[in-house]
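Step one of this worksheet: look at the structure below.
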Amino acid sequence: MSLDVQALRAQFPILEQQVDGKPLVYLDNAATTQKPQAVIDAIMAFYTQCNANVHRGAHHLSDESTRRYEKARDSVASFINAGTREEVIWTSGTTEAINIVANGLAQKLNAGDEVVATELEHHANLVTWQQACEKAGATLKIAPIFDSGELDVDAFESLLTENTKLVAFPHVSNALGTVNPIGELTRLAKKVGAWVLVDGAQGIAHGGVDVQSIGCDFYAFSGHKLFGPTGIGVLWGKKDVLEDWPVWQVGGEMISDVTYQSATWGALPNRLEAGTPNIAGAIGLGAAVEWFRALNTDDVQAHEQQLLAAATERAQALDGMRIIGTAPDKVGVLSFMLGGAHPADVGFILDRQGVAIRTGDNCAQPLMKRFGIPGTARASFSIYNTLEEVDMLFSALKKAKMMLA
Amino acid sequence: MQIPSSEEIIDDLAFFDDWEQRYQYIIDLGKGIPGLSEDQRTPDRLVKGCQSNVWLISETKDGKIVFDVDSDAVIVQGLLALVLAAYNDKSPKQILDFDINGYFEALDLERHITPTRGNGLRAIVAKIQEQARQAIH
């Protein structure tokens with residue numbers, strides 16, 4: 001069975017619109033994905049039927065709100081194969097999830113300790129560790145990549161020592177689309193006893209994430225890149241690690257007992273979730289997870305690979321186009337330079353033709369510097385994109401090339 | 001190429017009926033301004049946009065402010081030429097009196113001057129206006 005893309009597209013009302021009189025071709029999915037009607041309905045239903053604060057109220061609405069909210073946690077736990085539901089911590093997104101871990105790490109690190117990340121990092125999975133290391137007097141080491149954008153696993157391994165306390169890497173590079181061998185990297189990091197955090201922001205929407213089989217300690221992702229709403233994300237962590245992790249923000253339901261002078265913390269997951277949570281966001285993400293799980297993962301991945309192959313072939317045939325990121329294992333991301341044109345100009349002329357892409361440093365300035373470029377233009381595909389849209393991208397690029405020559 | 005006046009630009013752009021011609025005209029305008037040398041593109045003159053960078057130098061001559069600008073993106077460079085047409089070699093009072101939002105609306109280019117666009121254009125306009133204010137005080 002292959003994916004019925006037209007039926008899938010029909011579930012995304014936003015994709016029907018026109019931009020400047022031209023059909024919208026949305027190819028900025030690595031920045032955020034669009035939302036299916038099922039997700040929009042779940043959020044709407046929450047606000048029209050059962051809006052109330054969770055876990056507190058002595059009334060019907062609060063019971064119903066809590067039920068939907070915690071059911072969403074179950075959906076996520078089952079989707080990523082968490083050991084227990086308490087391992088799923090709601091956050092505002094990947095960035096906050098990584099900050100929770102980095103904040104705790106800063107308290108656990110000592111001078112002389114080391115943290116290892118990679119050249120592929122998004123700023124959120126780099127600056128966080130810089131800050132943690134700086135506070136503790138620890139050292140941040142960066143594992144290099146090859147010119148293809150593939151991680152140099154041998155070099156990565158050689159950076160690991162008995163002083164390595166935490167290793168962080170992206171599941172998938174946001175700027176290049178490289179898929180990292182996260183199971184293997186985790187196994188290597190575990191040999192030296194380090195904690196492992198996988199930045200799953202770009203990995204989660206391609207299906208097949210099983211946190212127990214990866215073997216990592218933390219896996220972080222955002223709801224809005226998985227067809228869910230913005231402002232909600234997940235920090236998954238191993239229960240025994242999270243139970244002992246320093247609390248992040250304090251206040252609200254994360255507290256167990258309080259006197260005027262002191263407080264003790266509640267149990268997981270609440271101990272890492274201060275304040276009234278993003279209830280509607282969690283419910284929306286739960287709906288997104290259920291919607292996505294109903295698709296066949298093999299079909300999803302095959303469709304995305306088909307789009308990537310078509311786009312890559314067209315790119316290689318277009319004179320002056322340079323693909324940035326040519327690792328053998330990639331998701332549907334095409335980062336490129338078009339001749340000597342500035343990516344911002346390319347993005348602008350594409351926008352005038354209804355084609356939405358990302359341009360700029362991709363929140364990965366050191367990585368762009370490594371390639372000697374100010375940034376890239378980036379087209380990123382999702383399950384609702386079509387081969388016709390790949391054609392439209394390249395027609396639009398030809399025009400851009402002509403105008404910017 | 002001499003940069004036309006802001007009135008001439010409004011007339012010229014009204015003449016084109018498709019977006020490609022309009023932007024080709026804007027790109028060509030940008031090519032007509034001299035830009036800055038590598039040495040002149042210093043960090044203190046940089047106005048950083050999220051997607052492209054702009055550099056600005058200003059100098060007061062005979063009560064008027066003269067600007068030199070440059071961008072690493074050609075469409076932004078063209079938009080800067082439009083800004084210069086309005087502001088260059090004008091007195092501080094003329095600069096502050098000029099209705100820049102109305103100008104971009106008349107050009108049907110207001111989308112470029114909105115805060116959501118990370119091209120540094122709005123920041124450049126704010127900087128020019130700030131320099132005019134300082135020159136008056």
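Every chain in the structure tokens takes a letter, A first, then B, and so on in the order presented; its residues are numbered from 1, and the ligands are numbered from 1 following the presented order.
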
If you take only C-alpha atoms and a cut-off of 9 Å, which residues of chain B touch chain A, and what are their nearest atom pairs and distances in Å to one decimal, in chain and number order, as JSON lines?
```
{"residue": "B:Trp19", "atom": "CA", "partner": "A:Arg352", "partner_atom": "CA", "distance": 7.9}
{"residue": "B:Glu20", "atom": "CA", "partner": "A:Met403", "partner_atom": "CA", "distance": 8.0}
{"residue": "B:Tyr23", "atom": "CA", "partner": "A:Met403", "partner_atom": "CA", "distance": 8.6}
{"residue": "B:Gln24", "atom": "CA", "partner": "A:Met403", "partner_atom": "CA", "distance": 6.8}
{"residue": "B:Ile27", "atom": "CA", "partner": "A:Leu404", "partner_atom": "CA", "distance": 8.4}
{"residue": "B:Cys50", "atom": "CA", "partner": "A:Gly360", "partner_atom": "CA", "distance": 6.8}
{"residue": "B:Gln51", "atom": "CA", "partner": "A:Gly360", "partner_atom": "CA", "distance": 4.7}
{"residue": "B:Ser52", "atom": "CA", "partner": "A:Ala344", "partner_atom": "CA", "distance": 6.3}
{"residue": "B:Asp72", "atom": "CA", "partner": "A:His342", "partner_atom": "CA", "distance": 6.9}
{"residue": "B:Ala73", "atom": "CA", "partner": "A:His342", "partner_atom": "CA", "distance": 5.4}
{"residue": "B:Val74", "atom": "CA", "partner": "A:Asp345", "partner_atom": "CA", "distance": 6.6}
{"residue": "B:Ile75", "atom": "CA", "partner": "A:Asp345", "partner_atom": "CA", "distance": 6.0}
{"residue": "B:Val76", "atom": "CA", "partner": "A:Asp345", "partner_atom": "CA", "distance": 8.0}
{"residue": "B:Asn119", "atom": "CA", "partner": "A:Ala344", "partner_atom": "CA", "distance": 8.2}
```

Write a file of the just-selected residues containing C-alpha atoms, as a short mmCIF file (atom, residue, chain, number, x, y, z; two decimals), in the first residue's frame.
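Contents of selection.cif, freshly written:
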```
data_model
loop_
_atom_site.label_atom_id
_atom_site.label_comp_id
_atom_site.auth_asym_id
_atom_site.auth_seq_id
_atom_site.Cartn_x
_atom_site.Cartn_y
_atom_site.Cartn_z
CA TRP B 19 5.68 41.42 -10.05
CA GLU B 20 8.67 40.18 -12.02
CA TYR B 23 11.30 43.37 -8.75
CA GLN B 24 13.64 43.45 -11.73
CA ILE B 27 17.06 44.89 -8.27
CA CYS B 50 17.70 37.28 10.50
CA GLN B 51 18.02 36.47 6.82
CA SER B 52 20.31 39.11 5.36
CA ASP B 72 24.49 41.08 0.92
CA ALA B 73 21.11 40.38 -0.73
CA VAL B 74 20.19 42.08 -4.01
CA ILE B 75 16.50 42.60 -3.31
CA VAL B 76 17.30 44.22 0.01
CA ASN B 119 15.59 41.77 6.29
#
```

- Message: Taking 4 positions as the minimum chain separation for residues in the same chain, which residues sit within 10 Å of Lys191 (chain A) when counting only C-alpha atoms? Answer as an NGL selection string.
- Response: :A and (157 or 160-162 or 186-187)

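The environment of Val125 (chain B) within 10 Å, counting only C-alpha atoms and disregarding residues fewer than 6 places along the same chain, consists of Leu80, Val83, Leu84, Tyr87, Ile100, Ile113 and Gln131 of chain B.
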
Save out the residues we just selected, N, CA and C atoms, as a PDB file, in the first residue's frame.
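File produced: part-v9.pdb:
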```
ATOM      1  N   LEU B  80      16.899  49.194  -0.336  1.00  0.00           N
ATOM      2  CA  LEU B  80      17.707  50.252   0.269  1.00  0.00           C
ATOM      3  C   LEU B  80      17.826  51.443  -0.681  1.00  0.00           C
ATOM      4  N   VAL B  83      14.903  53.460  -0.181  1.00  0.00           N
ATOM      5  CA  VAL B  83      15.010  54.216   1.075  1.00  0.00           C
ATOM      6  C   VAL B  83      15.923  55.425   0.875  1.00  0.00           C
ATOM      7  N   LEU B  84      17.033  55.207   0.179  1.00  0.00           N
ATOM      8  CA  LEU B  84      17.961  56.310  -0.074  1.00  0.00           C
ATOM      9  C   LEU B  84      17.311  57.403  -0.917  1.00  0.00           C
ATOM     10  N   TYR B  87      15.638  59.498   1.549  1.00  0.00           N
ATOM     11  CA  TYR B  87      16.352  60.091   2.676  1.00  0.00           C
ATOM     12  C   TYR B  87      17.691  60.738   2.345  1.00  0.00           C
ATOM     13  N   ILE B 100       7.446  57.480   5.603  1.00  0.00           N
ATOM     14  CA  ILE B 100       8.060  56.302   4.980  1.00  0.00           C
ATOM     15  C   ILE B 100       7.045  55.178   4.793  1.00  0.00           C
ATOM     16  N   ILE B 113       8.305  46.325   4.872  1.00  0.00           N
ATOM     17  CA  ILE B 113       8.635  47.220   5.976  1.00  0.00           C
ATOM     18  C   ILE B 113       7.953  46.765   7.271  1.00  0.00           C
ATOM     19  N   GLN B 131      19.243  59.061  13.650  1.00  0.00           N
ATOM     20  CA  GLN B 131      20.363  59.966  13.363  1.00  0.00           C
ATOM     21  C   GLN B 131      19.865  61.368  13.032  1.00  0.00           C
TER      22      GLN B 131
END
```

- Long-range neighbours of region 37-45 of chain B as number ranges by chain, 12 Å cut-off, only C-alpha atoms, 4 positions minimum in chain: B: 53-58, 67-72, 124, 127

Those residues with C-alpha atoms, as a PDB file, in the first residue's frame please?
```
ATOM      1  CA  ASN B  53      22.667  41.832   6.571  1.00  0.00           C
ATOM      2  CA  VAL B  54      22.732  45.552   5.938  1.00  0.00           C
ATOM      3  CA  TRP B  55      25.509  48.095   6.558  1.00  0.00           C
ATOM      4  CA  LEU B  56      24.927  51.834   6.973  1.00  0.00           C
ATOM      5  CA  ILE B  57      27.316  54.805   7.022  1.00  0.00           C
ATOM      6  CA  SER B  58      26.145  58.375   7.439  1.00  0.00           C
ATOM      7  CA  PHE B  67      24.068  57.887   3.553  1.00  0.00           C
ATOM      8  CA  ASP B  68      25.990  54.983   2.110  1.00  0.00           C
ATOM      9  CA  VAL B  69      24.447  51.547   2.414  1.00  0.00           C
ATOM     10  CA  ASP B  70      25.051  48.009   1.349  1.00  0.00           C
ATOM     11  CA  SER B  71      23.421  44.622   1.701  1.00  0.00           C
ATOM     12  CA  ASP B  72      24.487  41.078   0.922  1.00  0.00           C
ATOM     13  CA  ILE B 124      17.733  50.760   8.861  1.00  0.00           C
ATOM     14  CA  LYS B 127      18.464  54.103  12.483  1.00  0.00           C
TER      15      LYS B 127
END
```

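Distances here use only C-alpha atoms; by that measure, the residue among B:Tyr103, B:Leu79, B:Gln21, B:Ile95 closest to Glu130 (chain B) is B:Ile95.
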
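Using only C-alpha atoms, the shortest contact distance between Trp248 (chain A) and any of A:Ile98, A:Ile279, A:Ala111, A:Ile383 is found at A:Ile98.
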
- Message: So that I can see what lies close to Arg68 (chain A), please list as JSON, numbers by chain the residues with an atom at most 9 Å from it, counting only C-alpha atoms and leaving out residues fewer than 4 positions away in the same chain.
- Response: {"A": [46, 63, 64, 72, 73, 279, 282, 283, 286]}

- Message: For region 7-15 of chain B, find every residue with an atom within 7 Å (counting only C-alpha atoms), except residues of its own chain fewer than 5 positions away, and show them as a VMD selection string.
- Response: chain B and resid 22 106 to 107

Those same residues - N, CA and C atoms - I'd like them written as a compact mmCIF listing (two decimals), in the first residue's frame.
```
# COMPACT_ATOMS: atom_id res chain seq x y z
N ARG B 22 8.47 44.48 -11.70
CA ARG B 22 8.65 45.38 -10.56
C ARG B 22 9.94 45.05 -9.79
N ALA B 106 2.50 53.37 -1.11
CA ALA B 106 2.32 53.87 -2.48
C ALA B 106 3.07 53.00 -3.48
N LEU B 107 4.17 52.42 -3.03
CA LEU B 107 4.94 51.53 -3.91
C LEU B 107 4.37 50.11 -3.92
```

- Message: I need the residues in chain B that are helix (DSSP H, G or I) according to DSSP; give them as JSON, numbers by chain.
- Response: {"B": [6, 7, 8, 9, 10, 11, 12, 13, 14, 15, 19, 20, 21, 22, 23, 24, 25, 26, 27, 28, 29, 30, 31, 43, 44, 45, 74, 75, 76, 77, 78, 79, 80, 81, 82, 83, 84, 85, 86, 87, 92, 93, 94, 95, 96, 97, 100, 101, 102, 103, 104, 105, 106, 110, 111, 112, 121, 122, 123, 124, 125, 126, 127, 128, 129, 130, 131, 132, 133, 134, 135, 136]}

- Counting only C-alpha atoms, what is within 12 Å of Leu367 (chain A), bar same-chain residues fewer than 2 positions away, as a PyMOL selection string? chain A and resi 118-123+126+142-147+149+173-176+324-325+360-365+369-376

Limited to C-alpha atoms, could you put the picked residues into a file as an mmCIF file, in the first residue's frame?
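Saved the output as result_3.cif:
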```
data_model
loop_
_atom_site.group_PDB
_atom_site.id
_atom_site.type_symbol
_atom_site.label_atom_id
_atom_site.label_comp_id
_atom_site.auth_asym_id
_atom_site.auth_seq_id
_atom_site.Cartn_x
_atom_site.Cartn_y
_atom_site.Cartn_z
ATOM 1 C CA THR A 118 28.359 17.641 17.282
ATOM 2 C CA GLU A 119 28.972 20.133 14.480
ATOM 3 C CA LEU A 120 25.402 19.496 13.336
ATOM 4 C CA GLU A 121 23.708 21.133 16.295
ATOM 5 C CA HIS A 122 20.830 23.564 16.197
ATOM 6 C CA HIS A 123 21.652 26.438 18.569
ATOM 7 C CA LEU A 126 24.590 23.797 21.592
ATOM 8 C CA ILE A 142 32.398 19.134 19.351
ATOM 9 C CA ALA A 143 32.429 16.033 17.175
ATOM 10 C CA PRO A 144 33.151 16.824 13.515
ATOM 11 C CA ILE A 145 31.243 15.911 10.370
ATOM 12 C CA PHE A 146 32.437 15.070 6.884
ATOM 13 C CA ASP A 147 31.783 17.479 3.994
ATOM 14 C CA GLY A 149 27.154 16.374 6.463
ATOM 15 C CA SER A 173 20.051 17.661 11.382
ATOM 16 C CA ASN A 174 17.613 20.527 10.850
ATOM 17 C CA ALA A 175 19.888 22.319 8.395
ATOM 18 C CA LEU A 176 21.104 19.366 6.312
ATOM 19 C CA ILE A 324 24.447 21.432 1.167
ATOM 20 C CA GLY A 325 24.175 18.086 2.928
ATOM 21 C CA GLY A 360 19.054 31.932 6.468
ATOM 22 C CA ASP A 361 21.423 30.333 8.931
ATOM 23 C CA ASN A 362 18.903 27.652 9.967
ATOM 24 C CA CYS A 363 19.698 28.446 13.635
ATOM 25 C CA ALA A 364 23.023 26.704 13.064
ATOM 26 C CA GLN A 365 25.569 29.494 12.586
ATOM 27 C CA LYS A 369 30.475 28.760 8.951
ATOM 28 C CA ARG A 370 31.945 25.291 8.613
ATOM 29 C CA PHE A 371 30.582 25.164 5.050
ATOM 30 C CA GLY A 372 31.806 28.724 4.403
ATOM 31 C CA ILE A 373 28.325 30.063 3.600
ATOM 32 C CA PRO A 374 26.097 32.693 5.261
ATOM 33 C CA GLY A 375 23.137 30.355 5.194
ATOM 34 C CA THR A 376 21.129 28.245 2.828
#
```

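Residue nearest Val179 (chain A) within the list A:Thr326, A:Gln261, A:Gln249, A:Thr297: A:Thr326 [criterion: smallest interatomic distance, only C-alpha atoms].
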
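For region 51-111 of chain B, a DSSP pass over the backbone yields strand (DSSP E) at B:Asn53, B:Val54, B:Trp55, B:Leu56, B:Ile57, B:Ser58, B:Glu59, B:Thr60, B:Lys61, B:Lys64, B:Ile65, B:Val66, B:Phe67, B:Asp68, B:Val69, B:Asp70, B:Ser71.
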
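If you measure from each of B:Ile26, B:Arg133, B:Lys48, B:Ile33 to Leu109 (chain B) using only C-alpha atoms, the closest one turns out to be B:Ile26.
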
- Query: Out of B:Ala85, B:Val47, B:Gln77, B:Phe98, which residue has the shortest atom-to-atom distance to Ala123 (chain B) when counting only C-alpha atoms?
  - Reply: B:Val47

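Note that the spacing between CA of Leu29 (chain B) and CA of Lys398 (chain A) amounts to 22.3 Å.
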
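From CA of Met337 (chain A) back to CA of Lys31 (chain B), the distance works out to 21.1 Å.
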